[in-house]
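Shown below: structure.txt, with compact mmCIF, C-alpha atoms.
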```txt
# COMPACT_ATOMS: atom_id res chain seq x y z
CA MET A 265 14.76 27.19 30.82
CA PRO A 266 12.10 25.96 28.40
CA ARG A 267 9.32 23.93 29.91
CA ILE A 268 8.71 20.38 28.76
CA SER A 269 5.12 19.35 28.16
CA ILE A 270 3.83 15.92 29.04
CA LEU A 271 0.61 14.20 28.02
CA ILE A 272 -0.55 11.14 29.94
CA ALA A 273 -2.86 8.65 28.24
CA GLU A 274 -4.03 5.70 30.27
CA SER A 275 -7.47 4.22 30.68
CA THR A 276 -7.04 3.08 34.29
CA CYS A 277 -7.99 5.98 36.50
CA LEU A 278 -5.71 4.93 39.40
CA ILE A 279 -2.65 4.73 37.21
CA ARG A 280 -3.43 7.89 35.29
CA LYS A 281 -3.94 10.05 38.36
CA GLY A 282 -1.03 8.46 40.18
CA LEU A 283 1.34 9.05 37.30
CA GLY A 284 0.12 12.61 37.04
CA ALA A 285 0.90 13.20 40.70
CA VAL A 286 4.36 11.66 40.40
CA SER A 287 5.19 13.64 37.25
CA GLN A 288 4.28 16.87 39.03
CA LYS A 289 7.38 16.36 41.15
CA LEU A 290 9.63 16.83 38.14
CA GLU A 291 11.14 20.21 37.60
CA ASN A 292 10.37 22.25 34.55
CA VAL A 293 7.54 20.15 33.29
CA GLU A 294 3.96 20.94 32.53
CA ILE A 295 1.33 18.21 32.52
CA LEU A 296 -0.90 19.23 29.65
CA GLN A 297 -3.81 16.94 30.24
CA SER A 298 -4.55 13.35 30.98
CA VAL A 299 -6.55 11.33 28.54
CA SER A 300 -8.63 8.30 29.40
CA ASN A 301 -10.42 7.83 26.14
CA LYS A 302 -8.76 6.18 23.17
CA MET A 303 -11.01 7.95 20.71
CA GLU A 304 -10.00 11.39 21.94
CA LEU A 305 -6.29 10.72 22.16
CA CYS A 306 -5.56 11.20 18.48
CA ASP A 307 -7.22 14.55 18.36
CA ILE A 308 -5.56 15.79 21.54
CA VAL A 309 -2.08 14.66 20.55
CA ASN A 310 -2.44 16.43 17.25
CA ARG A 311 -3.67 19.60 18.86
CA LEU A 312 -1.32 19.87 21.81
CA LYS A 313 1.79 18.24 20.32
CA PRO A 314 3.35 17.33 23.68
CA ASP A 315 7.11 16.89 24.05
CA ILE A 316 6.59 13.63 25.88
CA LEU A 317 3.72 11.21 25.49
CA ILE A 318 3.31 8.72 28.33
CA VAL A 319 0.90 6.13 27.12
CA ASN A 320 -0.47 2.69 27.77
CA PRO A 321 0.05 0.69 24.55
CA ASN A 322 -3.59 -0.39 24.61
CA MET A 323 -4.47 3.23 23.87
CA LEU A 324 -2.33 3.18 20.74
CA ASP A 325 -3.77 0.36 18.71
CA SER A 326 -6.30 2.53 16.93
CA ASP A 327 -6.21 3.43 13.27
CA CYS A 328 -5.15 6.95 14.10
CA GLU A 329 -2.38 8.20 11.83
CA ASP A 330 -1.22 10.74 14.37
CA LEU A 331 -0.11 8.02 16.75
CA LYS A 332 1.98 6.19 14.18
CA LYS A 333 5.75 6.25 14.18
CA PRO A 334 6.21 8.87 11.43
CA PHE A 335 3.99 11.40 13.12
CA ILE A 336 5.69 10.96 16.47
CA LYS A 337 9.07 11.18 14.84
CA ALA A 338 8.20 14.25 12.79
CA ASN A 339 7.05 16.09 15.88
CA LYS A 340 10.07 14.92 17.86
CA MET A 341 7.84 13.46 20.52
CA SER A 342 9.33 11.13 23.08
CA LEU A 343 7.28 8.06 23.77
CA VAL A 344 7.13 6.43 27.20
CA LEU A 345 5.12 3.25 27.45
CA ILE A 346 3.35 2.07 30.57
CA SER A 347 3.87 -1.63 30.15
CA ASP A 348 5.74 -4.64 31.41
CA ASP A 349 5.96 -6.09 27.94
CA LYS A 350 9.36 -5.30 26.43
CA SER A 351 8.53 -6.97 23.14
CA ILE A 352 6.47 -4.01 21.98
CA LYS A 353 9.42 -1.70 22.26
CA ASP A 354 10.30 -1.93 18.60
CA LYS A 355 6.74 -1.79 17.43
CA TYR A 356 6.30 1.72 18.78
CA HIS A 357 9.89 2.82 19.00
CA ALA A 358 9.58 3.75 22.67
CA ASP A 359 12.18 5.89 24.39
CA ALA A 360 11.53 4.40 27.81
CA PHE A 361 9.28 2.16 29.85
CA ILE A 362 7.43 2.59 33.07
CA HIS A 363 6.67 -0.72 34.73
CA HIS A 364 3.76 -1.33 37.01
CA LYS A 365 6.02 -2.32 39.87
CA ASP A 366 8.39 0.64 39.63
CA ASN A 367 8.62 2.77 42.75
CA GLN A 368 8.39 6.53 42.71
CA SER A 369 12.08 7.33 42.50
CA LYS A 370 12.55 4.88 39.63
CA ILE A 371 9.75 6.51 37.66
CA ILE A 372 11.13 9.97 38.36
CA ASP A 373 14.59 8.86 37.27
CA VAL A 374 13.30 7.51 33.99
CA LEU A 375 11.26 10.60 33.23
CA GLU A 376 13.93 13.02 34.40
CA GLU A 377 16.43 11.59 31.99
CA ILE A 378 14.10 12.18 29.07
CA VAL A 379 13.05 15.61 30.28
CA ASN A 380 16.66 16.72 30.61
CA LYS A 381 17.49 15.45 27.16
CA LYS A 382 14.51 17.30 25.73
CA ALA A 383 15.34 20.51 27.56
CA GLU A 384 18.91 20.30 26.30
CA ASN A 385 17.65 19.96 22.72
CA LYS A 386 15.30 22.86 23.06
CA ARG A 387 18.04 25.05 24.43
CA THR A 388 20.45 24.33 21.63
CA ASN A 389 17.72 24.75 19.04
CA LYS A 390 16.99 28.22 20.26
CA SER A 391 20.42 28.97 21.64
CA ASN A 392 20.12 32.57 20.60
CA GLU A 393 16.83 34.03 21.74
CA THR A 394 17.67 37.34 20.15
CA LEU A 395 16.92 37.79 16.50
CA SER A 396 19.59 37.64 13.83
CA SER A 397 20.01 40.78 11.78
CA ARG A 398 18.29 39.08 8.84
CA GLU A 399 15.34 38.23 11.05
CA GLN A 400 15.23 41.77 12.41
CA ASN A 401 15.07 43.06 8.89
CA ILE A 402 12.21 40.70 8.00
CA LEU A 403 10.41 41.60 11.21
CA LYS A 404 10.68 45.25 10.27
CA HIS A 405 8.97 44.56 6.96
CA ILE A 406 6.24 42.51 8.63
CA ALA A 407 5.60 45.32 11.06
CA LEU A 408 5.29 47.77 8.19
CA GLY A 409 2.40 45.69 6.98
CA LEU A 410 3.97 43.99 3.98
CA THR A 411 2.77 40.61 2.78
CA ASN A 412 5.08 37.63 2.43
CA LYS A 413 5.13 38.14 -1.32
CA GLU A 414 6.07 41.81 -1.02
CA ILE A 415 8.82 41.04 1.45
CA ALA A 416 10.20 38.32 -0.82
CA ASP A 417 10.25 40.72 -3.78
CA GLN A 418 11.92 43.54 -1.88
CA LEU A 419 14.64 41.39 -0.37
CA PHE A 420 15.15 39.20 -3.44
CA ILE A 421 14.45 35.95 -1.60
CA SER A 422 11.79 33.28 -2.11
CA ILE A 423 8.46 33.34 -0.34
CA HIS A 424 9.40 30.04 1.22
CA THR A 425 12.40 31.65 2.90
CA VAL A 426 10.25 34.48 4.22
CA VAL A 427 7.84 31.96 5.70
CA THR A 428 10.66 30.09 7.40
CA HIS A 429 12.05 33.30 8.87
CA ARG A 430 8.61 34.24 10.13
CA LYS A 431 8.22 30.88 11.80
CA ASN A 432 11.57 31.29 13.55
CA ILE A 433 10.80 34.83 14.64
CA THR A 434 7.50 33.74 16.15
CA GLN A 435 9.15 30.86 17.91
CA LYS A 436 11.92 32.98 19.37
CA LEU A 437 9.72 35.81 20.55
CA GLY A 438 6.61 33.87 21.51
CA ILE A 439 4.48 36.33 19.55
CA LYS A 440 2.22 35.12 16.75
CA SER A 441 0.02 37.93 15.48
CA VAL A 442 1.18 40.66 13.12
CA SER A 443 0.01 43.38 15.48
CA GLY A 444 1.93 41.74 18.32
CA LEU A 445 5.08 41.63 16.20
CA THR A 446 4.56 45.27 15.29
CA VAL A 447 4.46 46.25 18.95
CA TYR A 448 7.67 44.31 19.53
CA ALA A 449 9.32 46.04 16.58
CA ILE A 450 8.42 49.47 17.93
CA LEU A 451 9.51 48.62 21.48
CA ASN A 452 12.86 47.55 20.11
CA ASN A 453 13.25 50.54 17.84
CA LEU A 454 13.21 48.51 14.64
CA ILE A 455 10.61 50.93 13.35
CA THR A 456 9.12 54.13 14.69
CA MET A 457 5.52 54.61 15.63
CA ASP A 458 5.00 57.07 12.78
CA GLU A 459 5.94 54.49 10.20
CA VAL A 460 3.02 52.28 11.14
CA LYS A 461 -0.22 53.08 9.43
CA MET B 898 -14.61 17.43 44.37
CA HIS B 899 -17.73 17.89 42.32
CA ILE B 900 -20.34 20.48 43.04
CA LYS B 901 -23.64 18.92 44.05
CA LYS B 902 -27.11 20.32 44.46
CA SER B 903 -27.13 19.81 48.23
CA MET B 904 -24.01 21.95 48.76
CA LYS B 905 -24.30 25.46 50.11
CA MET B 906 -23.91 28.00 47.33
CA ALA B 907 -21.59 30.02 49.57
CA ASP B 908 -19.26 27.02 49.90
CA VAL B 909 -19.20 26.60 46.14
CA ILE B 910 -17.94 30.15 45.72
CA GLN B 911 -15.43 29.76 48.56
CA MET B 912 -14.10 26.75 46.72
CA ASN B 913 -13.60 28.58 43.44
CA TYR B 914 -13.91 32.33 43.14
CA MET B 915 -13.72 32.13 39.34
CA LEU B 916 -17.34 30.96 39.51
CA ILE B 917 -18.51 34.41 40.65
CA PRO B 918 -18.89 35.76 37.10
CA VAL B 919 -20.39 32.44 35.98
CA ILE B 920 -23.24 32.52 38.49
CA HIS B 921 -23.68 36.19 37.78
CA ARG B 922 -24.43 35.33 34.16
CA PHE B 923 -27.24 33.14 35.39
CA GLY B 924 -28.65 36.18 37.17
CA ILE B 925 -27.68 34.84 40.59
CA GLU B 926 -26.40 37.48 42.99
CA LEU B 927 -24.18 37.04 46.04
CA GLY B 928 -25.62 37.18 49.56
CA PHE B 929 -27.28 33.76 49.56
CA GLY B 930 -26.71 33.00 53.25
CA ASP B 931 -26.91 29.26 53.90
CA LYS B 932 -29.07 28.36 50.92
CA THR B 933 -28.14 25.29 48.93
CA VAL B 934 -27.38 25.24 45.22
CA ASP B 935 -30.76 23.63 44.64
CA GLN B 936 -32.62 26.38 46.53
CA VAL B 937 -30.76 29.23 44.90
CA CYS B 938 -31.40 27.79 41.44
CA LYS B 939 -35.12 27.43 42.14
CA GLU B 940 -35.39 30.99 43.41
CA ASN B 941 -33.71 32.34 40.33
CA GLU B 942 -35.54 30.00 37.96
CA VAL B 943 -32.30 28.48 36.73
CA ASP B 944 -32.33 24.92 35.37
CA LEU B 945 -30.54 22.92 38.07
CA ASN B 946 -29.08 20.27 35.76
CA PHE B 947 -27.68 22.83 33.34
CA PHE B 948 -26.25 24.89 36.19
CA LEU B 949 -24.53 21.91 37.82
CA GLN B 950 -23.02 20.67 34.57
CA LEU B 951 -21.67 24.08 33.69
CA VAL B 952 -20.14 24.98 37.04
CA ASN B 953 -18.60 21.53 37.33
CA ALA B 954 -17.16 21.69 33.85
CA TYR B 955 -15.80 25.10 34.72
CA HIS B 956 -14.48 24.10 38.10
CA ASP B 957 -12.69 20.93 37.02
CA GLN B 958 -10.85 20.85 33.71
CA ASP B 959 -11.01 17.08 33.53
CA TYR B 960 -14.74 16.98 34.08
CA PHE B 961 -16.46 16.98 30.78
CA PRO B 962 -19.88 15.43 31.06
CA LYS B 963 -20.49 15.13 27.34
CA GLU B 964 -23.59 13.02 27.75
CA GLU B 965 -25.17 15.18 30.42
CA LEU B 966 -24.33 18.31 28.51
CA GLN B 967 -25.83 16.77 25.39
CA SER B 968 -29.13 16.51 27.23
CA ILE B 969 -29.30 20.24 27.83
CA PRO B 970 -31.67 22.02 25.44
CA VAL B 971 -29.99 23.95 22.61
CA ARG B 972 -32.01 26.98 23.59
CA ASP B 973 -30.43 27.08 27.06
CA ILE B 974 -26.90 26.68 25.74
CA VAL B 975 -27.41 29.53 23.30
CA ALA B 976 -28.92 31.72 26.01
CA TYR B 977 -25.94 31.04 28.25
CA LEU B 978 -23.39 31.71 25.51
CA LYS B 979 -25.14 34.99 24.74
CA MET B 980 -24.95 36.01 28.37
CA THR B 981 -21.23 35.27 28.38
CA HIS B 982 -20.75 37.34 25.26
CA ALA B 983 -22.51 40.29 26.81
CA SER B 984 -20.47 40.05 29.98
CA TYR B 985 -17.19 39.94 28.03
CA LEU B 986 -18.02 43.03 26.03
CA ASN B 987 -19.78 45.03 28.75
CA ASN B 988 -17.64 44.12 31.74
CA THR B 989 -14.38 42.24 31.37
CA VAL B 990 -13.02 43.82 28.23
CA THR B 991 -14.24 47.30 29.11
CA ASP B 992 -12.65 47.03 32.56
CA ILE B 993 -9.29 46.09 31.14
CA GLU B 994 -9.53 48.89 28.61
CA GLN B 995 -10.30 51.37 31.39
CA LYS B 996 -7.33 50.20 33.41
CA ILE B 997 -5.00 50.59 30.44
CA LYS B 998 -6.41 54.07 29.81
CA SER B 999 -5.92 55.22 33.36
CA LEU B 1000 -2.38 53.88 33.26
CA GLU B 1001 -1.84 55.97 30.16
CA LEU B 1002 -3.32 59.06 31.83
CA GLU B 1003 -0.86 58.84 34.68
CA GLY B 1004 1.60 60.03 32.09
CA SER B 1005 5.26 59.39 32.43
CA GLU B 1006 8.07 58.71 30.05
CA ASP B 1007 6.51 55.26 29.48
CA LYS B 1008 3.44 56.86 28.02
CA LYS B 1009 4.40 55.90 24.50
CA TYR B 1010 4.56 52.21 25.39
CA ILE B 1011 1.25 52.25 27.16
CA ALA B 1012 -0.30 53.84 24.07
CA LEU B 1013 1.03 50.89 22.07
CA ILE B 1014 -0.54 48.46 24.49
CA ARG B 1015 -3.81 50.35 24.38
CA ASN B 1016 -3.85 50.32 20.57
CA PHE B 1017 -3.12 46.65 20.55
CA PHE B 1018 -5.87 45.89 23.03
CA GLU B 1019 -8.34 47.98 21.06
CA GLY B 1020 -7.46 45.96 17.99
CA TYR B 1021 -8.15 42.82 19.94
CA LYS B 1022 -11.43 44.21 21.20
CA SER B 1023 -12.74 44.90 17.73
CA GLU B 1024 -11.68 41.44 16.60
CA LEU B 1025 -13.50 39.88 19.54
CA THR B 1026 -16.56 42.03 18.93
CA GLU B 1027 -16.64 41.01 15.29
CA HIS B 1028 -16.33 37.35 16.24
CA ILE B 1029 -19.16 37.65 18.75
CA MET B 1030 -21.40 39.55 16.33
CA ARG B 1031 -20.93 36.86 13.72
CA GLU B 1032 -21.99 34.23 16.24
CA GLU B 1033 -25.02 36.18 17.36
CA ASP B 1034 -26.15 37.26 13.90
CA VAL B 1035 -25.45 34.11 11.91
CA VAL B 1036 -24.54 31.09 13.99
CA PHE B 1037 -27.05 31.27 16.84
CA PRO B 1038 -30.10 31.98 14.66
CA TYR B 1039 -29.04 29.04 12.51
CA VAL B 1040 -28.65 26.79 15.54
CA LEU B 1041 -32.08 27.78 16.85
CA ALA B 1042 -33.64 27.16 13.43
CA VAL B 1043 -32.12 23.66 13.34
CA ASP B 1044 -33.52 23.02 16.80
CA GLU B 1045 -36.95 24.21 15.71
CA ILE B 1046 -36.97 21.99 12.63
CA ILE B 1047 -36.04 18.95 14.70
CA LYS B 1048 -38.72 19.67 17.28
CA SER B 1049 -41.56 20.38 14.88
CA GLU B 1050 -40.28 17.87 12.32
CA LYS B 1051 -41.16 20.20 9.50
CA PHE B 1052 -39.80 23.13 7.57
CA THR B 1053 -41.42 26.53 7.57
CA ASP B 1054 -40.52 29.08 4.90
CA LYS B 1055 -38.53 31.01 7.42
CA ASN B 1056 -36.46 28.29 9.02
CA LYS B 1057 -35.91 26.55 5.69
CA LYS B 1058 -34.25 29.68 4.40
CA VAL B 1059 -32.02 29.95 7.46
CA PHE B 1060 -31.20 26.26 7.31
CA GLU B 1061 -30.10 26.42 3.70
CA SER B 1062 -28.05 29.56 4.13
CA PHE B 1063 -25.44 28.08 6.45
CA SER B 1064 -23.89 24.93 7.79
CA ILE B 1065 -22.22 24.34 11.13
CA VAL B 1066 -19.15 22.90 9.38
CA GLU B 1067 -18.54 26.37 7.98
CA TYR B 1068 -18.53 27.71 11.50
CA GLU B 1069 -16.27 24.96 12.76
CA GLU B 1070 -13.76 25.83 10.07
CA GLU B 1071 -13.80 29.53 10.68
CA HIS B 1072 -13.90 29.24 14.46
CA ASP B 1073 -10.44 30.67 14.60
CA ASP B 1074 -8.27 31.26 17.54
CA ILE B 1075 -9.40 34.52 19.08
CA GLU B 1076 -7.11 33.99 22.01
CA GLU B 1077 -3.94 34.39 19.94
CA LYS B 1078 -3.76 38.15 20.25
CA LEU B 1079 -4.54 37.97 23.93
CA MET B 1080 -1.62 35.61 24.48
CA ASP B 1081 0.64 37.91 22.46
CA LEU B 1082 -0.35 40.86 24.58
CA ARG B 1083 0.52 39.23 27.85
CA THR B 1084 3.77 37.86 26.42
CA ILE B 1085 4.71 41.39 25.38
CA MET B 1086 3.77 42.82 28.78
CA ILE B 1087 5.67 40.13 30.65
CA LYS B 1088 8.73 39.74 28.47
CA TYR B 1089 9.37 42.95 26.62
CA VAL B 1090 8.07 45.99 28.45
CA ALA B 1091 9.65 47.52 31.52
CA PRO B 1092 6.70 48.16 33.85
CA PRO B 1093 5.59 51.78 34.39
CA ALA B 1094 5.70 53.54 37.75
CA ASN B 1095 2.30 52.23 38.80
CA THR B 1096 3.29 48.58 38.96
CA ASN B 1097 0.16 47.61 40.91
CA LEU B 1098 -2.14 48.63 38.11
CA TYR B 1099 0.15 47.10 35.51
CA HIS B 1100 0.19 43.76 37.34
CA SER B 1101 -3.54 43.79 37.78
CA ILE B 1102 -3.98 44.24 34.02
CA ILE B 1103 -1.80 41.19 33.37
CA GLN B 1104 -3.81 39.16 35.87
CA ASP B 1105 -7.03 40.29 34.20
CA LEU B 1106 -5.67 39.16 30.84
CA PHE B 1107 -4.93 35.70 32.23
CA ARG B 1108 -8.41 35.44 33.68
CA LEU B 1109 -10.07 36.59 30.47
CA GLU B 1110 -8.07 34.04 28.52
CA GLU B 1111 -9.07 31.26 30.89
CA ASP B 1112 -12.68 32.29 30.68
CA LEU B 1113 -12.59 32.44 26.88
CA ASN B 1114 -10.99 29.02 26.70
CA TYR B 1115 -13.79 27.60 28.72
CA HIS B 1116 -16.33 29.41 26.62
CA SER B 1117 -14.98 27.97 23.37
CA ARG B 1118 -14.81 24.54 24.98
CA ILE B 1119 -18.59 24.67 25.37
CA GLU B 1120 -18.96 25.80 21.77
CA ASP B 1121 -16.57 23.27 20.26
CA LYS B 1122 -17.33 20.26 22.41
CA VAL B 1123 -21.02 20.64 23.09
CA LEU B 1124 -22.78 22.91 20.66
CA ILE B 1125 -21.03 21.95 17.43
CA PRO B 1126 -21.22 18.13 17.86
CA LYS B 1127 -24.84 18.48 18.88
CA ILE B 1128 -25.72 20.50 15.80
CA ILE B 1129 -23.77 18.18 13.49
CA LEU B 1130 -25.93 15.31 14.72
CA MET B 1131 -29.09 17.33 14.27
CA GLU B 1132 -28.12 18.34 10.73
CA LYS B 1133 -27.69 14.67 9.88
CA SER B 1134 -31.07 13.71 11.22
CA ILE B 1135 -32.72 16.57 9.35
CA LYS B 1136 -31.18 15.29 6.13
CA ASN B 1137 -32.54 11.85 6.93
CA LEU B 1138 -35.96 13.19 7.80
CA PHE B 1139 -36.65 14.84 4.51
```

Rewritten as C-alpha cells:
Amino acid sequence: MPRISILIAESTCLIRKGLGAVSQKLENVEILQSVSNKMELCDIVNRLKPDILIVNPNMLDSDCEDLKKPFIKANKMSLVLISDDKSIKDKYHADAFIHHKDNQSKIIDVLEEIVNKKAENKRTNKSNETLSSREQNILKHIALGLTNKEIADQLFISIHTVVTHRKNITQKLGIKSVSGLTVYAILNNLITMDEVK
Amino acid sequence: MHIKKSMKMADVIQMNYMLIPVIHRFGIELGFGDKTVDQVCKENEVDLNFFLQLVNAYHDQDYFPKEELQSIPVRDIVAYLKMTHASYLNNTVTDIEQKIKSLELEGSEDKKYIALIRNFFEGYKSELTEHIMREEDVVFPYVLAVDEIIKSEKFTDKNKKVFESFSIVEYEEEHDDIEEKLMDLRTIMIKYVAPPANTNLYHSIIQDLFRLEEDLNYHSRIEDKVLIPKIILMEKSIKNLF
C-alpha cells in the first residue's frame, strides 16, 4: 500500500507537536516535516510536494504562488485547515477542518477519511505496478544508452511521448537514474549484460 | 532533548550512536570516561559552539539554529565539510565497496547480479568523487577568498581573480542531487533482487546505504542552508563595498 505523506504547518508549537503526535497514530502515513515559519513553508511545500497539507490559515496569507489554489490543485494536494472559522473554506478550497476543540478520535477520523481517499487514488493510478510491453520496450532502449531523441526516431513516436513513458516507468519502479534502470532491465532479462557498453 | 556542554560526552553517544562518525571527524576519539562535552572539546581544541550546533543539528532534524550557525566562521565550516568528504571517500564508501566485493567473491549463481550491483556502486562512487573534487577545487577556495576579502576589506590580485572566476549562485544551481543513485541502488536491492546466500552481509550493505544517505542528507543541509546563504550575503556586501 502506498504511503501518504503529510506536512504540518502551524506556528504554535503546542498545536504543531500535538498534531504531529496524533497523526503518527494513523496507518500508512509519513509525517514529512513540521513547519513553524511562514517564510519557509512555500519552499518546503514546493520541494516535498506532500499528499496532505495540514495548515493554519495564518500561515497561508503570504504572496507565495505555491500555496495558491492552482498549485495545490495541480499537485493534487489535500488541504486541511486548523481553524474554527468556516467562512474561509471557500477561500482556500479546504478538504477538511480540524477545530481547536476536537478530541483525538475526531481528528483521527477526519484525517483517516482523507488518507484513505488518497491511498485509493494512488492505488488506482498505479494499478499495474508491472510495466506495459510498450514501457518495457522503451526501458530497453533507455538501458542501451539511447537518448530520448534517438528512441523517438527508432520507434516513430514523438519525444514528448518518450518523456511521458519515462516518467511513468520511473514512477512505477521507483528508480530514477539511467544506470539504475539499466540494472533493472538486466535483472529482468530485457537486455543482456553484453549489450550494455 | 538538546545536547548541552555540561552533559557527559559518553551520554551523548549513548543517546545517538550516529554521532560517532561526527565526533570522529572532529578528531575526538572514544574512551572519554566521565568527561563533559565542554572538557572533551577543550582537550581536542574543538570550538565548543560549533561542535554543539553541529551535533544538535545532526541529532534533531527539527533543530536548525540558523542564527547560531551563521555565527560560525566560514573557515570552520569549510574545514568540517572537508573532513566529512574525506571520511566518505576513505571510510564509508570504501567499506561498502569492500562488502560488495566480498559478497561477489563468495561466488554462487547470484554472482552475476552482485557484479551488477558492484558496477552500479562504482559508478556512484566516481560521481560522488567528482562532486567532492569540484567542491574542494573550485567552491571551497572561492568561499575562503570571499571570506578573506570581507575580513581584510580589500582585494588582492590573487583573491580578486578567484572572486571573479565564480559565483555561489552557479554552485547552487549545479548542486545536483547526488543521493539519487544511492536511493536507486537500495530500491533495487530491496525490491528487485533475490538476496544471495549470505543474507547477513547483504542486509548489512543495505543498512550501510541507508546510513550513508542519511549522513549525506545532513551534509548537504549544512551546505545548502548555512554555507550558501552565508556566502550570498557576503557577495552582496562585497559588491556594496567596492

Exercise for the section: Kindly provide, as a ChimeraX atom specification, the residues of chain B having any atom no farther than 7 Å from an atom of chain A, counting all atoms listed in the file. Expected result: /B:1013,1017,1077-1078,1081-1082,1084

Would you output that residue set with C-alpha atoms, as an mmCIF file, keeping the file's coordinate frame?
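See result02.cif below for the written result:
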```
data_model
loop_
_atom_site.group_PDB
_atom_site.id
_atom_site.type_symbol
_atom_site.label_atom_id
_atom_site.label_comp_id
_atom_site.auth_asym_id
_atom_site.auth_seq_id
_atom_site.Cartn_x
_atom_site.Cartn_y
_atom_site.Cartn_z
ATOM 1 C CA LEU B 1013 1.030 50.890 22.070
ATOM 2 C CA PHE B 1017 -3.120 46.650 20.550
ATOM 3 C CA GLU B 1077 -3.940 34.390 19.940
ATOM 4 C CA LYS B 1078 -3.760 38.150 20.250
ATOM 5 C CA ASP B 1081 0.640 37.910 22.460
ATOM 6 C CA LEU B 1082 -0.350 40.860 24.580
ATOM 7 C CA THR B 1084 3.770 37.860 26.420
#
```

Handout entry: Atomic distance CA of Val952 in chain B - CA of Ala1042 in chain B, expressed in Å with one decimal
Key =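 It comes out at 27.3 Å.
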
Fill in the blank from the handout: re CA of Ile1129 in chain B and CA of Ser1064 in chain B: distance 8.8 Å

Exercise for the section: Find the residues near range 1116-1121 of chain B: any atom within 9 Å, counting only C-alpha atoms, skip ones fewer than 3 places away on the same chain, and give them as a list in words. Expected result: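 Result of the neighbour search: Leu951, Ile974, Leu978, Thr981, Glu1069, His1072, Glu1111, Asp1112, Leu1113, Leu1124, Ile1125 and Pro1126 of chain B.
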
Exercise for the section: Might you pull out every residue within 12 Å of Lys1009 in chain B, with only C-alpha atoms counted and same-chain residues fewer than 3 positions away left off, and present them as an MDAnalysis selection string? Expected result: (chainID A and resid 447 450:451 456:458) or (chainID B and resid 1000:1006 1012:1016 1090 1093)

Problem - Counting all atoms listed in the file, the residue of A:Thr425, A:Asn367, A:Asn385, A:Thr394 that sits nearest Leu283 in chain A - result: A:Asn367

Around all the atoms of range 348-353 of chain A listed in the file, draw an axis-aligned box and extend it by 8 Å on each of the six sides; I want its centre and edge lengths in Å to one decimal, as AutoDock Vina command-line options.
```
--center_x 7.6 --center_y -4.3 --center_z 26.7 --size_x 19.7 --size_y 21.3 --size_z 25.4
```

Problem - For His921 in chain B, the nearest of the candidates B:Lys1008, B:Glu1019, B:Asn988, B:His1028, counting all atoms listed in the file - result: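 Ranked by minimum distance to His921 in chain B, first place goes to B:Asn988.
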